[in-house]
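For reference, the structure is listed below as structure tokens.
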Amino acid sequence: MSDTLAVVAASWGVLMAISPLLQIRRMIQRRSSSDLSLSYIGVLLIGFTLWMAYGVALGNWALIIPNTVAFAVGVATVFIALRYRTSQ
């Protein structure tokens with residue numbers, strides 16, 4: 001049962017991790033990132049890093065995979081947001 005829950009939770013975690021792609025799409029469409037809080041994304045990135053490290057320490061792929069994906073998408077979000085802030 002716990003293996004099944006780990007797979008379901010990790011799968012949902014990956015879906016959550018890629019959800020900022022919706023924000024990225026909005027920034028690209030509007031050519032603006034003025035409505036995005038970079039501080040908020042920064043707090044999330046720290047959290048993803050901590051959970052990823054915890055997963056590595058435990059050898060728990062259900063924590064490692066979604067938090068790695070979330071971190072990567074978060075970094076992409078920051079880069080795109082900064083691009084549209086400097087071009088305004």
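If you're wondering about the labels, chains in the structure tokens are A, B, ... by order shown, residues count from 1 in each chain, ligands from 1 in order shown.
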I want to know what sits within 8 Å of stretch 31-35 of chain A, based on only C-alpha atoms, with residues of the same chain fewer than 5 positions away left out; could you give that as a PyMOL selection string?
chain A and resi 81-82+84-85+88
Once you have the residues from the selection above, write them out as a compact mmCIF listing (two decimals), in the first residue's frame, restricted to N, CA and C atoms.
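And here is the file that came out, again-v8.txt:
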```txt
# COMPACT_ATOMS: atom_id res chain seq x y z
N ALA A 81 10.95 35.26 -16.04
CA ALA A 81 10.43 36.47 -15.37
C ALA A 81 11.46 37.60 -15.43
N LEU A 82 12.71 37.28 -15.17
CA LEU A 82 13.75 38.31 -15.23
C LEU A 82 13.92 38.84 -16.66
N TYR A 84 11.59 39.19 -18.91
CA TYR A 84 10.52 40.12 -19.20
C TYR A 84 10.51 41.34 -18.30
N ARG A 85 11.21 41.30 -17.20
CA ARG A 85 11.33 42.50 -16.36
C ARG A 85 12.36 43.45 -16.91
N GLN A 88 11.14 45.58 -20.16
CA GLN A 88 9.99 46.50 -20.06
C GLN A 88 10.41 47.93 -20.15
```
Near stretch 3-12 of chain A, counting only C-alpha atoms, which residues have an atom at most 12 Å away, once you skip same-chain residues fewer than 5 positions from it, shown as a count of residues only?
15
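Note that the spacing between atom CA of A:Trp51 and atom CA of A:Leu21 amounts to 20.7 Å.
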What does the structure give for the distance between atom CA of A:Val14 and atom CA of A:Met27, in Å to one decimal?
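Atom CA of A:Val14 sits 21.4 Å away from atom CA of A:Met27.
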Residues near A:Phe71, cut-off 9 Å, only C-alpha atoms, skip fewer than 3 positions along chain, as a VMD selection string
chain A and resid 17 44 to 49 52 66 to 68 74 to 76
At what distance in Å, to one decimal, does atom CA of A:Ile41 lie from atom CA of A:Val78?
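Answer for the atom CA of A:Val78 to atom CA of A:Ile41 separation: 7.3 Å.
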